[in-house]
$ cat my_file-v1.csv   # CSV, C-alpha atoms and all ligand atoms
chain,number,residue,atom,x,y,z
A,1,MET,CA,-54.2,-47.0,13.7
A,2,ASN,CA,-56.4,-48.9,11.4
A,3,TYR,CA,-58.8,-47.4,8.9
A,4,VAL,CA,-61.8,-49.1,7.4
A,5,GLU,CA,-62.4,-47.6,4.0
A,6,PRO,CA,-60.9,-49.6,1.1
A,7,PRO,CA,-59.2,-47.9,-1.8
A,8,PRO,CA,-61.5,-46.6,-4.6
A,9,ALA,CA,-62.8,-48.9,-7.3
A,10,PRO,CA,-60.1,-49.4,-10.0
A,11,LYS,CA,-60.6,-47.9,-13.5
A,12,PRO,CA,-61.8,-50.4,-16.1
A,13,GLY,CA,-59.1,-52.8,-17.0
A,14,GLU,CA,-57.1,-52.2,-13.8
A,15,ARG,CA,-56.7,-54.9,-11.2
A,16,LYS,CA,-58.5,-54.3,-8.0
A,17,THR,CA,-56.4,-53.8,-4.8
A,18,LYS,CA,-57.8,-56.0,-2.1
A,19,GLY,CA,-56.2,-54.6,1.0
A,20,LYS,CA,-57.1,-51.6,3.1
A,21,LEU,CA,-55.5,-48.2,2.8
A,22,PRO,CA,-56.8,-45.0,4.4
A,23,LYS,CA,-59.4,-43.4,2.1
A,24,VAL,CA,-58.4,-39.8,1.5
A,25,LEU,CA,-61.3,-37.3,1.8
A,26,VAL,CA,-59.8,-34.5,-0.3
A,27,LYS,CA,-59.1,-35.0,-3.9
A,28,PRO,CA,-55.3,-35.0,-4.1
A,29,SER,CA,-54.0,-32.6,-6.7
A,30,LYS,CA,-50.6,-31.5,-8.1
A,31,LYS,CA,-51.0,-28.3,-6.0
A,32,ARG,CA,-50.8,-30.2,-2.6
A,33,LYS,CA,-47.4,-30.1,-1.0
A,34,ILE,CA,-46.1,-33.6,-1.2
A,35,ILE,CA,-42.6,-34.1,0.1
A,36,ILE,CA,-40.3,-36.7,-1.4
A,37,GLU,CA,-37.5,-37.8,1.0
A,38,LYS,CA,-35.5,-40.8,2.2
A,39,ALA,CA,-37.4,-43.1,4.5
A,40,GLN,CA,-36.7,-43.5,8.2
A,41,ILE,CA,-37.4,-46.4,10.6
A,42,ARG,CA,-40.6,-44.7,11.7
A,43,ASP,CA,-42.0,-45.1,8.2
A,44,VAL,CA,-41.6,-48.9,8.0
A,45,GLU,CA,-45.2,-49.9,9.0
A,46,GLU,CA,-46.8,-47.5,6.5
A,47,ILE,CA,-44.5,-48.6,3.7
A,48,LEU,CA,-45.3,-52.3,4.4
A,49,GLU,CA,-49.0,-51.5,4.3
A,50,LEU,CA,-48.7,-49.7,0.9
A,51,VAL,CA,-46.5,-52.4,-0.7
A,52,ASN,CA,-48.5,-55.3,0.6
A,53,VAL,CA,-51.9,-54.0,-0.6
A,54,PHE,CA,-50.5,-54.1,-4.1
A,55,ALA,CA,-48.8,-57.5,-3.4
A,56,GLU,CA,-52.2,-59.0,-2.6
A,57,SER,CA,-53.2,-58.2,-6.2
A,58,ASN,CA,-49.9,-59.8,-7.5
A,59,LEU,CA,-48.7,-56.4,-8.8
A,60,MET,CA,-45.5,-56.6,-6.7
A,61,LEU,CA,-43.6,-58.8,-4.3
A,62,PRO,CA,-44.9,-59.0,-0.7
A,63,ARG,CA,-42.5,-57.6,1.9
A,64,GLY,CA,-42.1,-58.2,5.6
A,65,PRO,CA,-40.7,-56.1,8.4
A,66,GLN,CA,-37.2,-57.8,8.3
A,67,TYR,CA,-36.7,-56.9,4.6
A,68,LEU,CA,-37.9,-53.3,5.3
A,69,TYR,CA,-35.6,-52.8,8.3
A,70,GLU,CA,-32.6,-54.3,6.6
A,71,ASN,CA,-33.1,-52.3,3.5
A,72,ILE,CA,-34.6,-49.1,4.9
A,73,ARG,CA,-31.8,-47.0,3.5
A,74,ASP,CA,-32.8,-48.1,0.0
A,75,PHE,CA,-36.3,-46.5,0.4
A,76,VAL,CA,-37.6,-43.2,-0.7
A,77,ILE,CA,-41.1,-42.0,0.3
A,78,ALA,CA,-43.6,-39.3,-0.7
A,79,SER,CA,-45.7,-38.0,2.1
A,80,ASP,CA,-48.7,-35.7,2.2
A,81,ARG,CA,-49.1,-33.6,5.3
A,82,ASN,CA,-52.4,-33.0,7.1
A,83,VAL,CA,-54.6,-35.3,5.0
A,84,PRO,CA,-58.2,-35.6,6.3
A,85,VAL,CA,-59.1,-39.3,6.5
A,86,TYR,CA,-61.9,-41.4,8.0
A,87,SER,CA,-60.9,-43.4,11.1
A,88,LEU,CA,-62.5,-46.6,12.5
A,89,THR,CA,-64.9,-44.5,14.6
A,90,ASP,CA,-66.0,-42.6,11.5
A,91,THR,CA,-64.5,-39.4,12.7
A,92,ARG,CA,-62.3,-37.2,10.6
A,93,GLU,CA,-58.6,-37.1,11.4
A,94,ASP,CA,-55.7,-35.3,9.9
A,95,LEU,CA,-52.8,-37.6,9.1
A,96,HIS,CA,-49.3,-37.3,7.9
A,97,LEU,CA,-49.8,-40.0,5.2
A,98,ILE,CA,-47.1,-41.8,3.3
A,99,VAL,CA,-48.7,-41.9,-0.2
A,100,ALA,CA,-45.9,-43.4,-2.2
A,101,CYS,CA,-42.7,-45.4,-1.9
A,102,GLY,CA,-40.0,-46.9,-4.0
A,103,SER,CA,-36.5,-48.4,-3.4
A,104,LEU,CA,-33.2,-48.4,-5.1
A,105,HIS,CA,-31.2,-51.6,-4.4
A,106,VAL,CA,-27.6,-51.7,-5.6
A,107,LEU,CA,-26.9,-55.1,-7.2
A,108,TRP,CA,-23.3,-54.8,-8.5
A,109,ASP,CA,-20.7,-52.1,-9.3
A,110,ASP,CA,-22.6,-50.8,-12.3
A,111,ILE,CA,-26.3,-51.8,-11.8
A,112,ALA,CA,-29.1,-51.0,-9.3
A,113,GLU,CA,-32.7,-52.2,-9.2
A,114,VAL,CA,-35.8,-50.2,-8.8
A,115,ARG,CA,-38.0,-52.2,-6.4
A,116,ALA,CA,-41.2,-51.8,-4.4
A,117,LEU,CA,-42.6,-48.8,-6.3
A,118,ALA,CA,-46.1,-48.2,-5.0
A,119,ILE,CA,-48.3,-45.2,-5.2
A,120,HIS,CA,-51.5,-44.9,-3.1
A,121,PRO,CA,-54.5,-45.4,-5.4
A,122,ASP,CA,-55.8,-41.9,-4.7
A,123,TYR,CA,-52.5,-40.4,-5.7
A,124,GLN,CA,-51.8,-42.2,-9.0
A,125,HIS,CA,-51.5,-40.3,-12.2
A,126,LEU,CA,-50.2,-37.1,-10.5
A,127,GLY,CA,-46.6,-37.7,-11.6
A,128,LEU,CA,-45.5,-39.1,-8.2
A,129,GLY,CA,-44.3,-42.5,-9.6
A,130,SER,CA,-42.2,-40.6,-12.2
A,131,LYS,CA,-40.8,-38.2,-9.5
A,132,LEU,CA,-39.8,-41.1,-7.2
A,133,VAL,CA,-38.0,-42.9,-10.1
A,134,GLU,CA,-36.3,-39.5,-11.0
A,135,PHE,CA,-35.2,-39.2,-7.3
A,136,MET,CA,-33.7,-42.7,-7.4
A,137,LYS,CA,-32.1,-42.1,-10.7
A,138,GLU,CA,-30.2,-39.1,-9.2
A,139,GLU,CA,-29.2,-41.2,-6.2
A,140,ALA,CA,-27.9,-43.9,-8.5
A,141,LYS,CA,-25.9,-41.5,-10.6
A,142,LYS,CA,-24.3,-40.0,-7.4
A,143,LEU,CA,-23.3,-43.6,-6.4
A,144,GLY,CA,-21.6,-44.1,-9.8
A,145,ILE,CA,-24.2,-46.6,-11.1
A,146,LYS,CA,-24.4,-46.9,-14.9
A,147,GLN,CA,-27.7,-48.7,-15.3
A,148,LEU,CA,-31.1,-49.1,-13.6
A,149,PHE,CA,-33.0,-52.3,-13.8
A,150,THR,CA,-36.6,-53.3,-12.9
A,151,PHE,CA,-38.9,-56.3,-13.0
A,152,THR,CA,-42.4,-55.0,-13.6
A,153,LEU,CA,-45.9,-55.6,-14.9
A,154,THR,CA,-46.4,-51.9,-15.8
A,155,GLU,CA,-44.2,-51.8,-18.9
A,156,ASP,CA,-45.9,-48.6,-20.2
A,157,PHE,CA,-45.2,-46.6,-17.1
A,158,PHE,CA,-41.4,-47.4,-17.2
A,159,LYS,CA,-41.4,-46.8,-21.0
A,160,THR,CA,-42.5,-43.2,-20.4
A,161,LEU,CA,-39.4,-42.8,-18.3
A,162,GLY,CA,-37.1,-44.2,-21.0
A,163,PHE,CA,-36.7,-47.7,-19.7
A,164,LYS,CA,-36.4,-50.4,-22.4
A,165,LYS,CA,-37.6,-54.0,-22.3
A,166,ILE,CA,-34.7,-56.5,-22.2
A,167,LYS,CA,-34.8,-60.2,-23.1
A,168,ARG,CA,-34.6,-62.5,-20.1
A,169,LYS,CA,-31.5,-64.2,-21.6
A,170,SER,CA,-29.7,-60.8,-21.8
A,171,LEU,CA,-30.3,-60.0,-18.1
A,172,PRO,CA,-27.2,-59.9,-15.9
A,173,PRO,CA,-27.1,-62.9,-13.5
A,174,LYS,CA,-27.1,-60.5,-10.5
A,175,VAL,CA,-30.8,-59.6,-11.1
A,176,TRP,CA,-32.0,-63.1,-10.4
A,177,GLY,CA,-31.1,-63.1,-6.7
A,178,GLU,CA,-34.5,-61.8,-5.6
A,179,CYS,CA,-36.3,-64.3,-8.0
A,180,SER,CA,-35.3,-67.3,-5.9
A,181,ARG,CA,-37.3,-65.8,-3.0
A,182,CYS,CA,-40.3,-64.9,-5.2
A,183,PRO,CA,-43.6,-66.8,-5.1
A,184,LYS,CA,-43.9,-66.4,-8.9
A,185,TYR,CA,-40.6,-68.2,-9.5
A,186,PHE,CA,-42.1,-70.9,-11.7
A,187,HIS,CA,-44.6,-68.8,-13.5
A,188,CYS,CA,-43.1,-65.3,-13.7
A,189,ASP,CA,-45.1,-62.8,-15.7
A,190,GLU,CA,-42.9,-59.8,-15.0
A,191,ILE,CA,-40.9,-58.0,-17.7
A,192,GLY,CA,-37.2,-57.0,-17.2
A,193,MET,CA,-36.5,-53.3,-18.2
A,194,VAL,CA,-33.3,-51.3,-18.1
A,195,LEU,CA,-32.4,-47.6,-18.3
A,196,ASP,CA,-28.9,-46.5,-19.1
A,197,LEU,CA,-27.8,-43.5,-17.0
A,201,LIG,C1,-47.4,-47.9,-11.9
A,201,LIG,C2,-47.3,-46.7,-10.9
A,201,LIG,C3,-46.1,-46.8,-10.1
A,201,LIG,C4,-47.4,-45.4,-11.6
A,201,LIG,O1,-47.3,-44.3,-10.7
A,201,LIG,P1,-48.0,-42.9,-11.0
A,201,LIG,O2,-47.6,-42.0,-10.0
A,201,LIG,O3,-49.5,-43.2,-11.2
A,201,LIG,O4,-47.4,-42.6,-12.4
A,201,LIG,P2,-47.2,-41.1,-13.1
A,201,LIG,O5,-48.3,-40.2,-12.7
A,201,LIG,O6,-45.8,-40.7,-12.8
A,201,LIG,O7,-47.4,-41.6,-14.6
A,201,LIG,C5,-46.7,-41.1,-15.7
A,201,LIG,C6,-47.2,-41.8,-16.9
A,201,LIG,O8,-46.9,-43.2,-16.9
A,201,LIG,C7,-48.0,-43.9,-17.5
A,201,LIG,N1,-48.6,-44.8,-16.5
A,201,LIG,C8,-48.8,-44.5,-15.2
A,201,LIG,N2,-49.4,-45.6,-14.6
A,201,LIG,C9,-49.5,-46.6,-15.5
A,201,LIG,C10,-50.0,-47.9,-15.5
A,201,LIG,N3,-50.5,-48.5,-14.3
A,201,LIG,N4,-50.0,-48.6,-16.6
A,201,LIG,C11,-49.5,-48.1,-17.7
A,201,LIG,N5,-49.0,-46.8,-17.9
A,201,LIG,C12,-49.0,-46.1,-16.7
A,201,LIG,C13,-49.0,-42.9,-18.0
A,201,LIG,O9,-48.6,-42.6,-19.3
A,201,LIG,C14,-48.7,-41.7,-17.1
A,201,LIG,O10,-49.1,-40.5,-17.6
A,201,LIG,P3,-50.6,-40.0,-17.4
A,201,LIG,O11,-50.9,-40.0,-16.0
A,201,LIG,O12,-50.6,-38.6,-18.0
A,201,LIG,O13,-51.5,-40.9,-18.2
A,201,LIG,C15,-48.6,-46.8,-9.9
A,201,LIG,O14,-49.7,-46.8,-10.7
A,201,LIG,C16,-48.6,-47.9,-8.9
A,201,LIG,O15,-48.1,-47.8,-7.8
A,201,LIG,N6,-49.2,-49.1,-9.3
A,201,LIG,C17,-49.4,-50.2,-8.5
A,201,LIG,C18,-48.1,-50.9,-8.1
A,201,LIG,C19,-47.2,-51.2,-9.4
A,201,LIG,O16,-47.7,-51.6,-10.4
A,201,LIG,N7,-45.9,-50.9,-9.3
A,201,LIG,C20,-45.0,-50.9,-10.4
A,201,LIG,C21,-43.7,-51.3,-10.1
A,201,LIG,S1,-43.5,-53.0,-9.6
$ encode --input "my_file-v1.csv" --output "structure tokens" --more "lines below"
Ligand SMILES: CC(C)(COP(=O)(O)OP(=O)(O)OC[C@H]1O[C@@H](n2cnc3c(N)ncnc32)[C@H](O)[C@@H]1OP(=O)(O)O)[C@@H](O)C(=O)NCCC(=O)NCCS
Amino acid sequence: MNYVEPPPAPKPGERKTKGKLPKVLVKPSKKRKIIIEKAQIRDVEEILELVNVFAESNLMLPRGPQYLYENIRDFVIASDRNVPVYSLTDTREDLHLIVACGSLHVLWDDIAEVRALAIHPDYQHLGLGSKLVEFMKEEAKKLGIKQLFTFTLTEDFFKTLGFKKIKRKSLPPKVWGECSRCPKYFHCDEIGMVLDL
């Protein structure tokens, strides 16, 4: 299904997301029941849509279906049930909507990367990003991982979760694997951050 409404205008200073995501008709609140769980194959299309809307604004790496299917077990999603949205025909529909996603990718015996963290614009600043990282943190601990790593443009968000900026020279070689596939390879503006578990 395709939906016509673009995401709401960004707050001053924020980059505008260019893509199309369903426009939610009810104001999301902390009281709504939003479920955080591991992703399944059926979620791939919605995850791609969410991630690639932000990728169009250079906020994260674009992803394709092959990456998603191969790495689906890395992904965690947050979904809101029975969300009223506008459809193409301008009628109201209630959807089970994936409103956030993130992934935990194991890099080596002691380090895992937080990737593809994306929260639907209508659902930002409700604590969802923090909850998804917390979920992945617990998963990483259970796996025996000692450190989380991320490349990001939203340093302040990760700072609130205890991540610390790390100099490029100090980054373990394993973290550069994805960079060789990144369109920003020659002009990377992302910051490396780590969290000891
Ligand atoms: C960055 C992002 C993941 C944050 O998710 P969120 O659910 O809105 O974050 P939370 O509600 O858990 O925020 C916790 C705190 O982190 C900080 N924070 C959140 N978003 C921030 C941002 N974009 N920039 C700086 N600080 C931010 C704030 O202090 C916030 O507390 P507040 O809401 O009381 O002000 C989300 O805005 C997003 O998906 N952005 C687009 C994609 C992106 O940049 N992904 C980053 C990883 S590559």
$ residues_near_ligand --input "my_file-v1.csv" --ligand "ligand LIG 201 (chain A)" --cutoff "7 Å" --atoms "only C-alpha atoms and all ligand atoms" --output "ChimeraX atom specification"
/A:54,59-60,115-120,123-131,151-158,160
$ closest_residue --input "my_file-v1.csv" --among "A:Ile77, A:Ile191, A:Val133, A:Leu107" --to "A:Asp43" --atoms "all atoms listed in the file"
A:Ile77
$ residues_near_point --input "my_file-v1.csv" --point "(-38.7, -34.0, -1.1)" --cutoff "12 Å" --atoms "all atoms listed in the file" --output "list in words"
Lys33, Ile34, Ile35, Ile36, Glu37, Lys38, Ala39, Val76, Ile77, Ala78, Ser79, Asp80, Ala100, Leu128, Lys131, Leu132, Glu134, Phe135 and Met136 of chain A
$ residues_around --input "my_file-v1.csv" --residues "A:Leu104" --least-positions-apart "2" --cutoff "6 Å" --atoms "only C-alpha atoms" --output "ChimeraX atom specification"
/A:74,113-114
$ closest_residue --input "my_file-v1.csv" --among "A:Val194, A:Ser103, A:His187, A:Cys182" --to "A:Leu61" --atoms "only C-alpha atoms"
A:Cys182
$ closest_residue --input "my_file-v1.csv" --among "A:Lys167, A:Lys137, A:Leu21, A:Glu46" --to "A:Glu190" --atoms "all atoms listed in the file"
A:Lys167
$ atom_distance --input "my_file-v1.csv" --atom1 "atom CA of A:Gly177" --atom2 "atom CA of A:Glu56"
21.9 Å
$ atom_distance --input "my_file-v1.csv" --atom1 "atom CA of A:Pro65" --atom2 "atom CA of A:Pro173"
26.7 Å
$ closest_residue --input "my_file-v1.csv" --among "A:Ala55, A:Val44, A:Leu97, A:Ala140" --to "A:Asp196" --atoms "only C-alpha atoms"
A:Ala140
$ atom_distance --input "my_file-v1.csv" --atom1 "atom CA of A:Gln147" --atom2 "atom CA of A:Phe186"
26.7 Å
$ closest_residue --input "my_file-v1.csv" --among "A:Pro183, A:Gly144, A:Gly192, A:Gly64" --to "A:Asp110" --atoms "only C-alpha atoms"
A:Gly144
$ closest_residue --input "my_file-v1.csv" --among "A:Lys20, A:Arg81, A:His105, A:Tyr185" --to "A:Thr150" --atoms "all atoms listed in the file"
A:His105
